[in-house]
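Next comes model04.txt, with compact mmCIF, C-alpha atoms.
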# COMPACT_ATOMS: atom_id res chain seq x y z
CA MET A 22 0.00 0.00 0.00
CA ARG A 23 2.86 2.37 0.83
CA ARG A 24 4.44 1.72 -2.55
CA ALA A 25 1.20 2.48 -4.35
CA THR A 26 0.77 5.70 -2.36
CA ALA A 27 4.38 6.76 -3.02
CA LEU A 28 3.98 6.03 -6.72
CA LEU A 29 0.76 8.04 -6.82
CA VAL A 30 2.48 11.01 -5.10
CA ILE A 31 5.41 10.90 -7.57
CA VAL A 32 3.08 10.79 -10.60
CA GLY A 33 1.04 13.68 -9.16
CA CYS A 34 4.17 15.79 -8.63
CA LEU A 35 5.33 15.16 -12.19
CA ALA A 36 1.94 16.15 -13.55
CA LEU A 37 1.92 19.37 -11.54
CA SER A 38 5.45 20.32 -12.57
CA SER A 39 4.72 19.83 -16.28
CA SER A 40 1.56 21.96 -16.09
CA ALA A 41 3.48 24.65 -14.20
CA GLU A 42 6.10 24.71 -16.96
CA ALA A 43 3.39 25.16 -19.58
CA LYS A 44 1.95 28.11 -17.65
CA GLY A 45 5.39 29.73 -17.37
CA ARG A 46 5.99 29.82 -21.14
CA PRO A 47 5.44 33.15 -22.84
CA ALA A 48 2.64 33.44 -25.35
CA PRO A 49 3.74 33.02 -28.97
CA MET A 50 4.98 36.23 -30.56
CA PRO A 51 2.71 37.58 -33.30
CA CYS A 52 4.44 37.92 -36.65
CA PRO A 53 4.71 41.53 -37.84
CA THR A 54 3.44 42.39 -41.31
CA ASP A 55 6.51 44.59 -41.95
CA VAL A 56 9.59 42.91 -40.46
CA ALA A 57 11.94 45.81 -41.23
CA ALA A 58 9.65 48.29 -39.48
CA ALA A 59 9.29 45.96 -36.49
CA VAL A 60 13.09 45.63 -36.20
CA ALA A 61 13.46 49.42 -36.46
CA ALA A 62 10.91 49.84 -33.67
CA MET A 63 12.54 47.23 -31.40
CA CYS A 64 16.13 48.30 -32.12
CA PRO A 65 16.14 51.93 -33.29
CA CYS A 66 19.43 53.15 -34.73
CA ALA A 67 19.58 56.05 -32.24
CA GLY A 68 19.70 53.71 -29.22
CA LYS A 69 17.67 51.38 -27.09
CA MET A 70 14.23 52.41 -25.92
CA LEU A 71 13.87 52.74 -22.16
CA PRO A 72 10.61 52.14 -20.27
CA ASP A 73 10.06 55.91 -19.96
CA THR A 74 10.23 56.11 -23.80
CA SER A 75 13.56 57.94 -23.74
CA VAL A 76 16.42 56.65 -25.86
CA GLN A 77 19.77 55.58 -24.45
CA PRO A 78 22.48 55.62 -27.17
CA TRP A 79 24.09 52.28 -27.98
CA ARG A 80 27.41 51.78 -26.18
CA ASN A 81 28.86 50.41 -29.40
CA HIS A 82 27.92 48.90 -32.74
CA GLY A 83 27.97 45.36 -31.34
CA GLN A 84 25.22 46.19 -28.85
CA TYR A 85 22.97 47.33 -31.70
CA VAL A 86 23.71 44.25 -33.82
CA SER A 87 23.05 42.04 -30.78
CA CYS A 88 19.62 43.67 -30.32
CA VAL A 89 18.71 42.98 -33.95
CA VAL A 90 19.95 39.37 -33.80
CA HIS A 91 18.03 38.66 -30.57
CA TYR A 92 14.81 40.05 -32.04
CA ARG A 93 15.40 38.16 -35.29
CA ASN A 94 15.85 34.92 -33.33
CA ALA A 95 12.60 35.55 -31.45
CA LEU A 96 10.81 36.05 -34.78
CA ARG A 97 12.39 32.86 -36.14
CA LYS A 98 11.24 30.85 -33.11
CA ALA A 99 7.73 32.23 -33.57
CA GLY A 100 7.74 30.90 -37.15
CA CYS A 101 7.65 34.33 -38.79
CA PHE A 102 10.19 33.52 -41.52
CA THR A 103 9.24 31.43 -44.50
CA ASP A 104 12.40 32.40 -46.37
CA ASP A 105 15.82 31.85 -44.78
CA SER A 106 17.36 34.66 -46.83
CA VAL A 107 15.23 37.26 -44.98
CA ARG A 108 16.57 36.00 -41.66
CA ARG A 109 20.18 36.24 -42.86
CA THR A 110 19.62 39.66 -44.43
CA LEU A 111 18.50 41.21 -41.13
CA ALA A 112 21.81 40.50 -39.40
CA ARG A 113 23.84 41.44 -42.47
CA CYS A 114 22.09 44.80 -42.80
CA ALA A 115 22.47 45.52 -39.07
CA ALA A 116 26.20 44.85 -39.38
CA ARG A 117 26.41 47.23 -42.37
CA SER A 118 24.89 50.20 -40.55
CA THR A 119 26.04 53.33 -38.73
CA CYS A 120 24.08 52.41 -35.59
CA GLY A 121 26.33 52.56 -32.52
CA LYS A 122 29.25 53.82 -34.61
CA ASP A 123 30.82 57.23 -35.03
CA THR A 124 30.37 57.15 -38.81
CA VAL A 125 27.97 58.55 -41.40
CA LEU A 126 25.78 57.02 -44.09
CA CYS A 127 26.81 58.42 -47.46
CA CYS A 128 24.63 58.29 -50.59
CA HIS A 129 25.76 58.80 -54.17
CA TYR A 130 23.23 59.60 -56.89
CA ASP A 131 23.22 58.98 -60.62
CA LEU A 132 20.66 61.47 -61.89
CA GLY A 133 19.41 60.21 -65.21
CA THR A 134 17.19 61.96 -67.72
CA CYS A 135 13.97 60.64 -69.22
CA ASN A 136 13.07 61.19 -72.87
CA ASP A 137 9.30 60.76 -72.35
CA PRO A 138 7.49 63.06 -74.85
CA MET A 139 4.81 63.90 -72.24
CA PRO A 140 6.51 63.81 -68.81
CA GLY A 141 4.27 63.65 -65.77
CA ASP A 142 1.28 62.04 -67.49
CA THR A 143 1.79 58.80 -65.45
CA VAL A 144 2.52 56.85 -68.63
CA ALA A 145 6.08 55.53 -68.84
CA ALA A 146 6.61 56.16 -72.56
CA GLY A 147 10.28 57.08 -72.38
CA THR A 148 13.58 55.45 -71.46
CA CYS A 149 16.30 56.56 -69.09
CA GLY A 150 19.48 58.13 -70.43
CA ASN A 151 21.59 56.35 -67.81
CA ASP A 152 19.90 52.96 -68.40
CA PRO A 153 17.98 52.46 -71.66
CA THR A 154 16.37 49.28 -70.33
CA VAL A 155 14.34 51.27 -67.76
CA ALA A 156 11.01 52.77 -68.84
CA CYS A 157 10.23 56.20 -67.36
CA ASP A 158 7.68 58.98 -67.16
CA THR A 159 9.88 61.65 -65.54
CA SER A 160 13.59 62.05 -64.88
CA ALA A 161 12.99 61.17 -61.22
CA ASP A 162 12.23 57.61 -62.41
CA CYS A 163 15.81 57.41 -63.70
CA THR A 164 17.59 58.31 -60.47
CA LYS A 165 19.80 55.55 -59.10
CA SER A 166 21.54 55.63 -55.74
CA THR A 167 24.13 53.67 -53.81
CA ALA A 168 24.99 53.91 -50.12
CA ARG A 169 28.19 53.34 -48.19
CA ILE A 170 29.52 53.96 -44.69
CA ALA A 171 32.02 56.86 -44.46
CA HIS A 172 34.26 57.82 -41.54
CA ASP A 173 32.94 61.40 -41.46
CA ALA A 174 31.05 63.98 -43.50
CA ASP A 175 34.21 65.18 -45.26
CA ALA A 176 35.07 61.65 -46.40
CA CYS A 177 31.55 61.39 -47.84
CA THR A 178 31.36 64.72 -49.64
CA VAL A 179 34.90 64.70 -51.07
CA ASP A 180 33.80 62.41 -53.91
CA GLY A 181 30.32 63.89 -54.40
CA GLY A 182 28.39 61.95 -51.77
CA VAL A 183 25.58 63.30 -49.62
CA VAL A 184 25.46 62.62 -45.86
CA VAL A 185 22.17 61.09 -44.72
CA VAL A 186 21.14 62.79 -41.49
CA GLY A 187 20.39 60.20 -38.80
CA GLY A 188 22.47 57.43 -40.36
CA GLY A 189 21.10 53.98 -41.03
CA SER A 190 21.99 50.91 -43.05
CA VAL A 191 23.41 50.58 -46.53
CA CYS A 192 20.58 48.10 -47.16
CA ALA A 193 17.90 50.79 -46.87
CA PRO A 194 17.19 52.86 -49.95
CA CYS A 195 18.74 56.31 -50.03
CA PRO A 196 16.34 59.20 -49.52
CA PRO A 197 15.40 61.22 -52.59
CA PRO A 198 18.36 63.13 -54.01
CA PRO A 199 19.09 66.59 -52.67
CA THR A 200 17.36 69.52 -54.25
CA THR A 201 19.09 72.74 -55.17
CA THR A 202 17.27 76.02 -54.97
CA PRO A 203 18.46 78.36 -57.74
CA THR A 204 18.39 81.54 -55.60
CA THR A 205 20.64 80.35 -52.79
CA SER A 206 22.52 77.44 -54.40
CA THR A 207 22.39 75.38 -51.20
CA THR A 208 21.86 71.66 -51.08
CA THR A 209 19.59 70.01 -48.55
CA THR A 210 18.90 66.37 -47.90
CA THR A 211 15.82 65.10 -46.15
CA VAL A 212 15.18 61.66 -44.77
CA PRO A 213 11.58 60.40 -45.16

For this file, write the structure as structure tokens.
Amino acid sequence: MRRATALLVIVGCLALSSSAEAKGRPAPMPCPTDVAAAVAAMCPCAGKMLPDTSVQPWRNHGQYVSCVVHYRNALRKAGCFTDDSVRRTLARCAARSTCGKDTVLCCHYDLGTCNDPMPGDTVAAGTCGNDPTVACDTSADCTKSTARIAHDADACTVDGGVVVVGGGSVCAPCPPPPTTTPTTSTTTTTVP
């Protein structure tokens, strides 16, 4: 009788411990519709978000990359990735960013021209001067850009680059090219 009682107590304890473990697990993470925006919200380039909604700058670049990789792993465990290349791209783009570094994001623009006979009519009837395989409606459709990380603003502008205010990753598209106002001849760059 004692053996049966002891066995019953052991089985009961095991059952309670397994149900307690199930209650201690966090609820599954919902998959975001825009993964890049979710990563930017969880790990903003400016620094980590504190509970009082202030931002504490990253101590270094590695701390930022670690934040992105941890969030990416949580998304992977929740089953949010159907394509492995998206998962790899997140870490690669975080590593190729200015976040947590004392560097600048530098964009270079190739401003093409469009030979559309009726520009602005929303019909791409022309081709780009810098790439004849691209159909265009206006010259803005022909603008190409590339981004790189530069040590400082001077290193960016010396070869015609434009510093992107706020930094970011070379994986993100460059903001629209700078505009020049004819009266003052100054160049300004805005980040959307």

Task: Given all atoms listed in the file as the counted atoms, nearest of A:Cys192, A:Met139, A:Val76, A:Cys177 to Ser118 of chain A - done: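 Result for the nearest residue to Ser118 of chain A: A:Cys192.
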
Open item on the list: Would you pick out the contacts of Cys128 of chain A at 10 Å or less, using all atoms listed in the file, so that residues sharing its chain but fewer than 3 positions from it are not included, and give the list as JSON, numbers by chain?
Closed with: {"A": [125, 166, 167, 168, 169, 170, 171, 177, 178, 181, 182, 183, 184, 185, 191, 194, 195, 196, 197, 198]}

Selected residues written out with C-alpha atoms, as a compact mmCIF listing (two decimals), keeping the file's coordinate frame:
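File produced: out.txt:
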# COMPACT_ATOMS: atom_id res chain seq x y z
CA VAL A 125 27.97 58.55 -41.40
CA SER A 166 21.54 55.63 -55.74
CA THR A 167 24.13 53.67 -53.81
CA ALA A 168 24.99 53.91 -50.12
CA ARG A 169 28.19 53.34 -48.19
CA ILE A 170 29.52 53.96 -44.69
CA ALA A 171 32.02 56.86 -44.46
CA CYS A 177 31.55 61.39 -47.84
CA THR A 178 31.36 64.72 -49.64
CA GLY A 181 30.32 63.89 -54.40
CA GLY A 182 28.39 61.95 -51.77
CA VAL A 183 25.58 63.30 -49.62
CA VAL A 184 25.46 62.62 -45.86
CA VAL A 185 22.17 61.09 -44.72
CA VAL A 191 23.41 50.58 -46.53
CA PRO A 194 17.19 52.86 -49.95
CA CYS A 195 18.74 56.31 -50.03
CA PRO A 196 16.34 59.20 -49.52
CA PRO A 197 15.40 61.22 -52.59
CA PRO A 198 18.36 63.13 -54.01

Open item on the list: Need to verify the contact set: Arg93 of chain A, 8 Å, only C-alpha atoms, exclusion of same-chain residues closer than 5 positions in sequence. Can you return it as a list of chain:residue names?
Closed with: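 Using only C-alpha atoms, the neighbours found are A:Val60, A:Arg108, A:Leu111, A:Ala112.
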
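The shortest atom-to-atom distance to Gly68 of chain A, with only C-alpha atoms taken into account, belongs to A:Gly121 out of A:Gly121, A:Pro140, A:Gly147, A:Gly187.
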
Open item on the list: Calculated over only C-alpha atoms, which of the candidates A:Asp105, A:Asp123, A:Asp55, A:Asp142 has the smallest distance to Pro78 of chain A?
Closed with: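 Of A:Asp105, A:Asp123, A:Asp55, A:Asp142, the one nearest Pro78 of chain A is A:Asp123, counting only C-alpha atoms.
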
Centre and edges of the segment 85-88 of chain A box, axis-aligned, 8 Å extra per side, as JSON:
{"center_x": 21.7, "center_y": 44.7, "center_z": -32.1, "size_x": 20.1, "size_y": 21.3, "size_z": 19.5}

When you look at Asp137 of chain A with a cut-off of 8 Å (counting only C-alpha atoms), what residues show up, excluding the ones that are within fewer than 6 positions of it in the same chain? I need them as a compact mmCIF listing (two decimals) with C-alpha atoms, in the coordinates of the input.
# COMPACT_ATOMS: atom_id res chain seq x y z
CA ALA A 145 6.08 55.53 -68.84
CA ALA A 146 6.61 56.16 -72.56
CA GLY A 147 10.28 57.08 -72.38
CA THR A 148 13.58 55.45 -71.46
CA CYS A 157 10.23 56.20 -67.36
CA ASP A 158 7.68 58.98 -67.16
CA THR A 159 9.88 61.65 -65.54

- [ ] Return the single residue from A:Ala161, A:Cys127, A:Leu132, A:Ala115 that is closest to Cys66 of chain A, with distances computed using all atoms listed in the file.
- [x]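 That would be A:Ala115, the residue with the smallest distance to Cys66 of chain A.
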
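With only C-alpha atoms as the atoms that count, the minimum distance from Ala57 of chain A to the choices A:Ala176, A:Asn136, A:Thr164, A:Tyr92 is reached by A:Tyr92.
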
Task: Among listed residues A:Gln77, A:Thr124, A:Thr54, A:Thr154, nearest Val186 of chain A (using only C-alpha atoms) - done: A:Thr124

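Picture a line from atom CA of Cys120 of chain A to atom CA of Ala62 of chain A; it runs 13.6 Å.
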
TODO: Go ahead and compute the interatomic distance for atom CA of Thr110 of chain A and atom CA of Lys69 of chain A, in Å to one decimal.
DONE: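 About the pair atom CA of Thr110 of chain A and atom CA of Lys69 of chain A: they are 21.0 Å apart.
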
Task: Atom pair atom CA of Thr134 of chain A / atom CA of Gly188 of chain A: separation (Å) - done: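 These two atoms are separated by 28.2 Å.
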